[in-house]
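Student: Before anything else, here's the structure in question.
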Amino acid sequence: MAESVAEPIASLYVHVPFCARKCLYCAFYSEPSTGEEMDRYVAALIRELERVAADLRPRTIFFGGGTPSLLNLRQWERILRAMERLRLSGATEWTVECNPATVSLDKARLLRAGGVNRISLGVQSFDEALLDRLGRVHSRQMAFESFDRLRQAGFDNVNLDLMFAIPGQTLEAWRATLAEATALGSEHLATYEVIYEEDTVLYAQLQAGEFAVDEELACAMYEELLERAAAAGFRQYEVANFARGTTLHPQPATLTLPSRSCLHNVNYWRGGSFFGLGPSATSYVRGVRTKYSSNTQLYCEQLERGQRPVESRERLAPLARAGETAAFGLRMVAGWPFEQFQEVTGYDLRHEWAAEMNQLVEQGRGCILPDRFQLTQQGLRFADAAAQLFLR
Ligand SMILES: C[S@@+](CC[C@H](N)C(=O)[O-])C[C@H]1O[C@@H](n2cnc3c(N)ncnc32)[C@H](O)[C@@H]1O
Ligand code: SF4
């Protein structure tokens, strides 16, 4: 996965910074916007695509946000046409994130015809009261209807985003959402324990003492998730990601993955390069990390002047980058094969991080196999803490 200078980049992320309304927990960069601003963004994005096209042959594409499905048919047509013209459309996996309030059959068909072959649907919960509690713009009914429309439009690879440990959510309510979600028959589940991000309404409510965090309940919900997902035929391949399918991918990098895993995210977790376009996006290209400013107007202005809206740019020291790569990759159930890690980073886990691996083994959170290091089920539950140990 370590790219040579001549080899084009194989992964593209596009950030679409618009949402109908801000959810109470969300700190991703996005805001409500006018149609005119969205048109301007689309034009700027196409300029960026033109800039990177020569150095990009995408195997995976991910349009995230924000709410990419908020763009209207005409705006999507412009993007899809530009992707086609620039020969960027033929990715193995092309995902678009959708909010259930914004999926019409026409839009789903347009995306499918344009080469998009995977949808990530932000369901979060099938409990009407919890959807309200989170400030979601859609109802449970809309989530079911959107899923049907996606199938009708020909999408056979659909992910559902679900959240747990939501304030007020009972174990029973989580069980009910899991039962309804697994019954839908999606190919993938991405689950998220609520994170209290600063500058969100939910965080302010927590600070004001309106509710308390119940760690024990969150653990019970995670256990329930593991059980229900397995019983429904999903395989866990990352801390909180589950996929169907048994076909093995040919590359050794993904040998132990279910076939419906999100290949785009696997590239992140394995330390691969990617271009990130759109306001607030990060790129990691041949050892250099570039971050764009979280300001859509500035993003458009700069691109209209032929400039890039770069907020920061750094070349990470090789050991620091290797530490990050170790931390990310350990989120995967397959852990890090020693050889592959060395190929990607130039470092040997067994030399550089022997003490940390042994510490995790002693705590029952890690496991050293002949060819790899991986976290145990208990280690995966506390993957963030384990990951900290590897940072340099
Ligand atoms: C960037 S959002 C985009 C999805 C889409 N805009 C939607 O919400 O319908 C991706 C996912 O991140 C999760 N997420 C966002 N903020 C979170 C938070 N503070 N805690 C836990 N999960 C969060 C949600 O599950 C969401 O579906
Ligand atoms: S969770 Fe999705 S819809 Fe809600 S504010 Fe964040 S990006 Fe927008």
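Every chain in the structure tokens has a letter given in the order shown (A, B, ...), and although residue numbers restart at 1 in each chain, ligands are simply numbered from 1 in the order shown.
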Where does chain A meet ligand 2 within 12 Å, residue by residue, with the nearest atom pair and distance in Å to one decimal for each, counting only C-alpha atoms and all ligand atoms, listed by chain and rising number, as JSON lines?

Tutor:
```
{"residue": "A:His15", "atom": "CA", "partner": "ligand 2", "partner_atom_place_in_ligand_line": "7 (S)", "distance": 10.0}
{"residue": "A:Val16", "atom": "CA", "partner": "ligand 2", "partner_atom_place_in_ligand_line": "7 (S)", "distance": 9.0}
{"residue": "A:Pro17", "atom": "CA", "partner": "ligand 2", "partner_atom_place_in_ligand_line": "7 (S)", "distance": 8.0}
{"residue": "A:Phe18", "atom": "CA", "partner": "ligand 2", "partner_atom_place_in_ligand_line": "8 (Fe)", "distance": 7.0}
{"residue": "A:Cys19", "atom": "CA", "partner": "ligand 2", "partner_atom_place_in_ligand_line": "8 (Fe)", "distance": 4.7}
{"residue": "A:Ala20", "atom": "CA", "partner": "ligand 2", "partner_atom_place_in_ligand_line": "3 (S)", "distance": 7.1}
{"residue": "A:Arg21", "atom": "CA", "partner": "ligand 2", "partner_atom_place_in_ligand_line": "5 (S)", "distance": 6.4}
{"residue": "A:Lys22", "atom": "CA", "partner": "ligand 2", "partner_atom_place_in_ligand_line": "5 (S)", "distance": 4.0}
{"residue": "A:Cys23", "atom": "CA", "partner": "ligand 2", "partner_atom_place_in_ligand_line": "4 (Fe)", "distance": 4.2}
{"residue": "A:Leu24", "atom": "CA", "partner": "ligand 2", "partner_atom_place_in_ligand_line": "5 (S)", "distance": 7.4}
{"residue": "A:Tyr25", "atom": "CA", "partner": "ligand 2", "partner_atom_place_in_ligand_line": "1 (S)", "distance": 7.3}
{"residue": "A:Cys26", "atom": "CA", "partner": "ligand 2", "partner_atom_place_in_ligand_line": "6 (Fe)", "distance": 4.5}
{"residue": "A:Ala27", "atom": "CA", "partner": "ligand 2", "partner_atom_place_in_ligand_line": "6 (Fe)", "distance": 6.7}
{"residue": "A:Phe28", "atom": "CA", "partner": "ligand 2", "partner_atom_place_in_ligand_line": "6 (Fe)", "distance": 5.7}
{"residue": "A:Tyr29", "atom": "CA", "partner": "ligand 2", "partner_atom_place_in_ligand_line": "7 (S)", "distance": 7.5}
{"residue": "A:Ser30", "atom": "CA", "partner": "ligand 2", "partner_atom_place_in_ligand_line": "8 (Fe)", "distance": 6.3}
{"residue": "A:Glu31", "atom": "CA", "partner": "ligand 2", "partner_atom_place_in_ligand_line": "8 (Fe)", "distance": 7.7}
{"residue": "A:Pro32", "atom": "CA", "partner": "ligand 2", "partner_atom_place_in_ligand_line": "8 (Fe)", "distance": 9.0}
{"residue": "A:Ser33", "atom": "CA", "partner": "ligand 2", "partner_atom_place_in_ligand_line": "8 (Fe)", "distance": 11.9}
{"residue": "A:Phe63", "atom": "CA", "partner": "ligand 2", "partner_atom_place_in_ligand_line": "7 (S)", "distance": 11.6}
{"residue": "A:Gly64", "atom": "CA", "partner": "ligand 2", "partner_atom_place_in_ligand_line": "7 (S)", "distance": 8.1}
{"residue": "A:Gly65", "atom": "CA", "partner": "ligand 2", "partner_atom_place_in_ligand_line": "7 (S)", "distance": 5.2}
{"residue": "A:Gly66", "atom": "CA", "partner": "ligand 2", "partner_atom_place_in_ligand_line": "7 (S)", "distance": 3.6}
{"residue": "A:Thr67", "atom": "CA", "partner": "ligand 2", "partner_atom_place_in_ligand_line": "7 (S)", "distance": 5.6}
{"residue": "A:Pro68", "atom": "CA", "partner": "ligand 2", "partner_atom_place_in_ligand_line": "7 (S)", "distance": 9.0}
{"residue": "A:Ser69", "atom": "CA", "partner": "ligand 2", "partner_atom_place_in_ligand_line": "3 (S)", "distance": 9.9}
{"residue": "A:Leu70", "atom": "CA", "partner": "ligand 2", "partner_atom_place_in_ligand_line": "3 (S)", "distance": 9.5}
{"residue": "A:Glu97", "atom": "CA", "partner": "ligand 2", "partner_atom_place_in_ligand_line": "2 (Fe)", "distance": 8.6}
{"residue": "A:Cys98", "atom": "CA", "partner": "ligand 2", "partner_atom_place_in_ligand_line": "2 (Fe)", "distance": 8.3}
{"residue": "A:Asn99", "atom": "CA", "partner": "ligand 2", "partner_atom_place_in_ligand_line": "3 (S)", "distance": 6.2}
{"residue": "A:Pro100", "atom": "CA", "partner": "ligand 2", "partner_atom_place_in_ligand_line": "3 (S)", "distance": 9.3}
{"residue": "A:Ala101", "atom": "CA", "partner": "ligand 2", "partner_atom_place_in_ligand_line": "3 (S)", "distance": 9.4}
{"residue": "A:Thr102", "atom": "CA", "partner": "ligand 2", "partner_atom_place_in_ligand_line": "3 (S)", "distance": 10.2}
{"residue": "A:Ser120", "atom": "CA", "partner": "ligand 2", "partner_atom_place_in_ligand_line": "2 (Fe)", "distance": 10.9}
{"residue": "A:Leu121", "atom": "CA", "partner": "ligand 2", "partner_atom_place_in_ligand_line": "2 (Fe)", "distance": 9.6}
{"residue": "A:Gly122", "atom": "CA", "partner": "ligand 2", "partner_atom_place_in_ligand_line": "2 (Fe)", "distance": 6.8}
{"residue": "A:Val123", "atom": "CA", "partner": "ligand 2", "partner_atom_place_in_ligand_line": "1 (S)", "distance": 9.7}
{"residue": "A:Gln124", "atom": "CA", "partner": "ligand 2", "partner_atom_place_in_ligand_line": "1 (S)", "distance": 8.7}
{"residue": "A:Leu131", "atom": "CA", "partner": "ligand 2", "partner_atom_place_in_ligand_line": "4 (Fe)", "distance": 10.7}
{"residue": "A:Asp132", "atom": "CA", "partner": "ligand 2", "partner_atom_place_in_ligand_line": "4 (Fe)", "distance": 11.9}
{"residue": "A:Leu134", "atom": "CA", "partner": "ligand 2", "partner_atom_place_in_ligand_line": "4 (Fe)", "distance": 8.6}
{"residue": "A:Gly135", "atom": "CA", "partner": "ligand 2", "partner_atom_place_in_ligand_line": "4 (Fe)", "distance": 7.9}
{"residue": "A:Arg136", "atom": "CA", "partner": "ligand 2", "partner_atom_place_in_ligand_line": "4 (Fe)", "distance": 6.5}
{"residue": "A:Val137", "atom": "CA", "partner": "ligand 2", "partner_atom_place_in_ligand_line": "3 (S)", "distance": 7.7}
{"residue": "A:His138", "atom": "CA", "partner": "ligand 2", "partner_atom_place_in_ligand_line": "3 (S)", "distance": 9.5}
{"residue": "A:Asp161", "atom": "CA", "partner": "ligand 2", "partner_atom_place_in_ligand_line": "1 (S)", "distance": 9.7}
{"residue": "A:Leu162", "atom": "CA", "partner": "ligand 2", "partner_atom_place_in_ligand_line": "1 (S)", "distance": 10.7}
{"residue": "A:Met163", "atom": "CA", "partner": "ligand 2", "partner_atom_place_in_ligand_line": "1 (S)", "distance": 10.2}
{"residue": "A:Tyr192", "atom": "CA", "partner": "ligand 2", "partner_atom_place_in_ligand_line": "1 (S)", "distance": 11.0}
{"residue": "A:Val194", "atom": "CA", "partner": "ligand 2", "partner_atom_place_in_ligand_line": "1 (S)", "distance": 11.1}
{"residue": "A:Ile195", "atom": "CA", "partner": "ligand 2", "partner_atom_place_in_ligand_line": "1 (S)", "distance": 11.7}
{"residue": "A:Glu197", "atom": "CA", "partner": "ligand 2", "partner_atom_place_in_ligand_line": "6 (Fe)", "distance": 11.5}
{"residue": "A:Thr200", "atom": "CA", "partner": "ligand 2", "partner_atom_place_in_ligand_line": "5 (S)", "distance": 10.0}
{"residue": "A:Val201", "atom": "CA", "partner": "ligand 2", "partner_atom_place_in_ligand_line": "5 (S)", "distance": 11.3}
```

Student: At a cut-off of 6 Å, using only C-alpha atoms, what residues contact stretch 367-374 of chain A? Leave out same-chain residues fewer than 5 positions from it and give the result as an NGL selection string.

Tutor: :A and (335-338 or 361)

Student: Could you find all residues in stretch 98-212 of chain A that DSSP calls strand (DSSP E or B) from the backbone, and write them as a PyMOL selection string?

Tutor: chain A and resi 98+118-124+158-164+188-193

Student: Could those selected residues go to a file with N, CA, C and O atoms, as a PDB file, in the first residue's frame?

Tutor:
```pdb
ATOM      1  N   CYS A  98     -26.356   9.321   2.802  1.00  0.00           N
ATOM      2  CA  CYS A  98     -27.694   9.881   2.620  1.00  0.00           C
ATOM      3  C   CYS A  98     -28.418  10.004   3.954  1.00  0.00           C
ATOM      4  O   CYS A  98     -28.307   9.122   4.803  1.00  0.00           O
ATOM      5  N   ARG A 118     -22.714   2.136  -3.630  1.00  0.00           N
ATOM      6  CA  ARG A 118     -22.910   1.856  -2.203  1.00  0.00           C
ATOM      7  C   ARG A 118     -23.532   3.089  -1.554  1.00  0.00           C
ATOM      8  O   ARG A 118     -23.110   4.223  -1.845  1.00  0.00           O
ATOM      9  N   ILE A 119     -24.504   2.871  -0.662  1.00  0.00           N
ATOM     10  CA  ILE A 119     -25.135   3.993   0.053  1.00  0.00           C
ATOM     11  C   ILE A 119     -24.980   3.766   1.541  1.00  0.00           C
ATOM     12  O   ILE A 119     -25.126   2.648   2.038  1.00  0.00           O
ATOM     13  N   SER A 120     -24.661   4.859   2.246  1.00  0.00           N
ATOM     14  CA  SER A 120     -24.624   4.803   3.696  1.00  0.00           C
ATOM     15  C   SER A 120     -25.783   5.651   4.209  1.00  0.00           C
ATOM     16  O   SER A 120     -25.810   6.872   3.988  1.00  0.00           O
ATOM     17  N   LEU A 121     -26.747   5.002   4.842  1.00  0.00           N
ATOM     18  CA  LEU A 121     -27.990   5.671   5.238  1.00  0.00           C
ATOM     19  C   LEU A 121     -27.954   5.976   6.746  1.00  0.00           C
ATOM     20  O   LEU A 121     -27.791   5.072   7.560  1.00  0.00           O
ATOM     21  N   GLY A 122     -28.126   7.256   7.081  1.00  0.00           N
ATOM     22  CA  GLY A 122     -28.057   7.673   8.490  1.00  0.00           C
ATOM     23  C   GLY A 122     -29.382   7.433   9.194  1.00  0.00           C
ATOM     24  O   GLY A 122     -30.194   8.342   9.343  1.00  0.00           O
ATOM     25  N   VAL A 123     -29.581   6.209   9.662  1.00  0.00           N
ATOM     26  CA  VAL A 123     -30.837   5.857  10.335  1.00  0.00           C
ATOM     27  C   VAL A 123     -30.793   6.278  11.806  1.00  0.00           C
ATOM     28  O   VAL A 123     -31.739   6.843  12.335  1.00  0.00           O
ATOM     29  N   GLN A 124     -29.720   5.966  12.466  1.00  0.00           N
ATOM     30  CA  GLN A 124     -29.450   6.278  13.896  1.00  0.00           C
ATOM     31  C   GLN A 124     -30.328   5.505  14.858  1.00  0.00           C
ATOM     32  O   GLN A 124     -29.847   4.914  15.806  1.00  0.00           O
ATOM     33  N   VAL A 158     -25.791  -1.582   0.869  1.00  0.00           N
ATOM     34  CA  VAL A 158     -26.291  -0.462   1.669  1.00  0.00           C
ATOM     35  C   VAL A 158     -25.837  -0.616   3.112  1.00  0.00           C
ATOM     36  O   VAL A 158     -25.930  -1.702   3.698  1.00  0.00           O
ATOM     37  N   ASN A 159     -25.319   0.478   3.657  1.00  0.00           N
ATOM     38  CA  ASN A 159     -24.958   0.510   5.081  1.00  0.00           C
ATOM     39  C   ASN A 159     -26.008   1.292   5.857  1.00  0.00           C
ATOM     40  O   ASN A 159     -26.551   2.272   5.365  1.00  0.00           O
ATOM     41  N   LEU A 160     -26.260   0.864   7.085  1.00  0.00           N
ATOM     42  CA  LEU A 160     -27.101   1.636   8.000  1.00  0.00           C
ATOM     43  C   LEU A 160     -26.237   2.143   9.147  1.00  0.00           C
ATOM     44  O   LEU A 160     -25.539   1.347   9.794  1.00  0.00           O
ATOM     45  N   ASP A 161     -26.266   3.452   9.407  1.00  0.00           N
ATOM     46  CA  ASP A 161     -25.618   4.027  10.592  1.00  0.00           C
ATOM     47  C   ASP A 161     -26.600   3.958  11.754  1.00  0.00           C
ATOM     48  O   ASP A 161     -27.746   4.411  11.617  1.00  0.00           O
ATOM     49  N   LEU A 162     -26.150   3.424  12.881  1.00  0.00           N
ATOM     50  CA  LEU A 162     -26.988   3.358  14.088  1.00  0.00           C
ATOM     51  C   LEU A 162     -26.216   3.938  15.264  1.00  0.00           C
ATOM     52  O   LEU A 162     -25.011   3.708  15.381  1.00  0.00           O
ATOM     53  N   MET A 163     -26.921   4.641  16.150  1.00  0.00           N
ATOM     54  CA  MET A 163     -26.253   5.189  17.338  1.00  0.00           C
ATOM     55  C   MET A 163     -26.774   4.511  18.602  1.00  0.00           C
ATOM     56  O   MET A 163     -27.948   4.160  18.684  1.00  0.00           O
ATOM     57  N   PHE A 164     -25.857   4.339  19.572  1.00  0.00           N
ATOM     58  CA  PHE A 164     -26.308   3.795  20.858  1.00  0.00           C
ATOM     59  C   PHE A 164     -25.722   4.588  22.020  1.00  0.00           C
ATOM     60  O   PHE A 164     -24.837   5.417  21.829  1.00  0.00           O
ATOM     61  N   HIS A 188     -24.457  -3.967   5.492  1.00  0.00           N
ATOM     62  CA  HIS A 188     -23.450  -3.421   6.404  1.00  0.00           C
ATOM     63  C   HIS A 188     -24.128  -2.652   7.530  1.00  0.00           C
ATOM     64  O   HIS A 188     -25.176  -2.030   7.321  1.00  0.00           O
ATOM     65  N   LEU A 189     -23.538  -2.697   8.708  1.00  0.00           N
ATOM     66  CA  LEU A 189     -23.976  -1.860   9.839  1.00  0.00           C
ATOM     67  C   LEU A 189     -22.773  -1.095  10.370  1.00  0.00           C
ATOM     68  O   LEU A 189     -21.732  -1.708  10.651  1.00  0.00           O
ATOM     69  N   ALA A 190     -22.923   0.220  10.488  1.00  0.00           N
ATOM     70  CA  ALA A 190     -21.878   1.023  11.141  1.00  0.00           C
ATOM     71  C   ALA A 190     -22.517   1.586  12.405  1.00  0.00           C
ATOM     72  O   ALA A 190     -23.554   2.255  12.325  1.00  0.00           O
ATOM     73  N   THR A 191     -21.950   1.275  13.560  1.00  0.00           N
ATOM     74  CA  THR A 191     -22.585   1.698  14.804  1.00  0.00           C
ATOM     75  C   THR A 191     -21.705   2.719  15.514  1.00  0.00           C
ATOM     76  O   THR A 191     -20.489   2.708  15.386  1.00  0.00           O
ATOM     77  N   TYR A 192     -22.352   3.594  16.244  1.00  0.00           N
ATOM     78  CA  TYR A 192     -21.643   4.699  16.896  1.00  0.00           C
ATOM     79  C   TYR A 192     -22.149   4.878  18.310  1.00  0.00           C
ATOM     80  O   TYR A 192     -23.345   5.153  18.504  1.00  0.00           O
ATOM     81  N   GLU A 193     -21.256   4.721  19.281  1.00  0.00           N
ATOM     82  CA  GLU A 193     -21.621   5.106  20.649  1.00  0.00           C
ATOM     83  C   GLU A 193     -21.583   6.634  20.674  1.00  0.00           C
ATOM     84  O   GLU A 193     -20.655   7.245  20.120  1.00  0.00           O
TER      85      GLU A 193
END
```

Student: Go through A:Glu210, A:Glu50, A:Asp199, A:Glu238 one by one, measure the shortest atom-to-atom distance of each to ligand 1 using only C-alpha atoms and all ligand atoms, and give the residue with the smallest value.

Tutor: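 Checking each candidate against ligand 1, we get A:Asp199 as the closest.
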
Student: Can you list, as a PyMOL selection string, all residues belonging to stretch 340-389 of chain A that DSSP tags as helix (DSSP H, G or I)?

Tutor: chain A and resi 340-345+349-352+354-362+377-381+383-389

Student: List as a Markdown table every residue of stretch 39-87 of chain A that is in contact with stretch 269-273 of chain A, defined as an atom at most 12 Å from one of its atoms (using only C-alpha atoms), together with the nearest atom pair and the distance in Å rounded to one decimal, sorted by chain and then rising number.

Tutor:
```
| residue | atom | partner | partner_atom | distance |
| --- | --- | --- | --- | --- |
| A:Asp55 | CA | A:Ser273 | CA | 11.8 |
| A:Leu56 | CA | A:Ser273 | CA | 10.7 |
| A:Arg57 | CA | A:Ser273 | CA | 11.9 |
| A:Pro58 | CA | A:Ser273 | CA | 11.0 |
| A:Arg59 | CA | A:Ser273 | CA | 11.6 |
| A:Thr60 | CA | A:Ser273 | CA | 11.2 |
```

Student: I'd like the interatomic distance between atom CA of A:Cys262 and atom CA of A:Asn241, to a tenth of an Å.

Tutor: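 We find that atom CA of A:Cys262 and atom CA of A:Asn241 lie 8.7 Å from each other.
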
Student: Which residue gives the smallest distance to A:Gln307 among A:Tyr292, A:Arg365, A:Gly276, A:Ser283, with only C-alpha atoms counted?

Tutor: A:Tyr292

Student: Smallest atom-to-atom distance to ligand 1: which of A:Thr325, A:Ser139, A:Gln388, A:Asn157, using only C-alpha atoms and all ligand atoms?

Tutor: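 Distance minimum relative to ligand 1 lands on A:Ser139.
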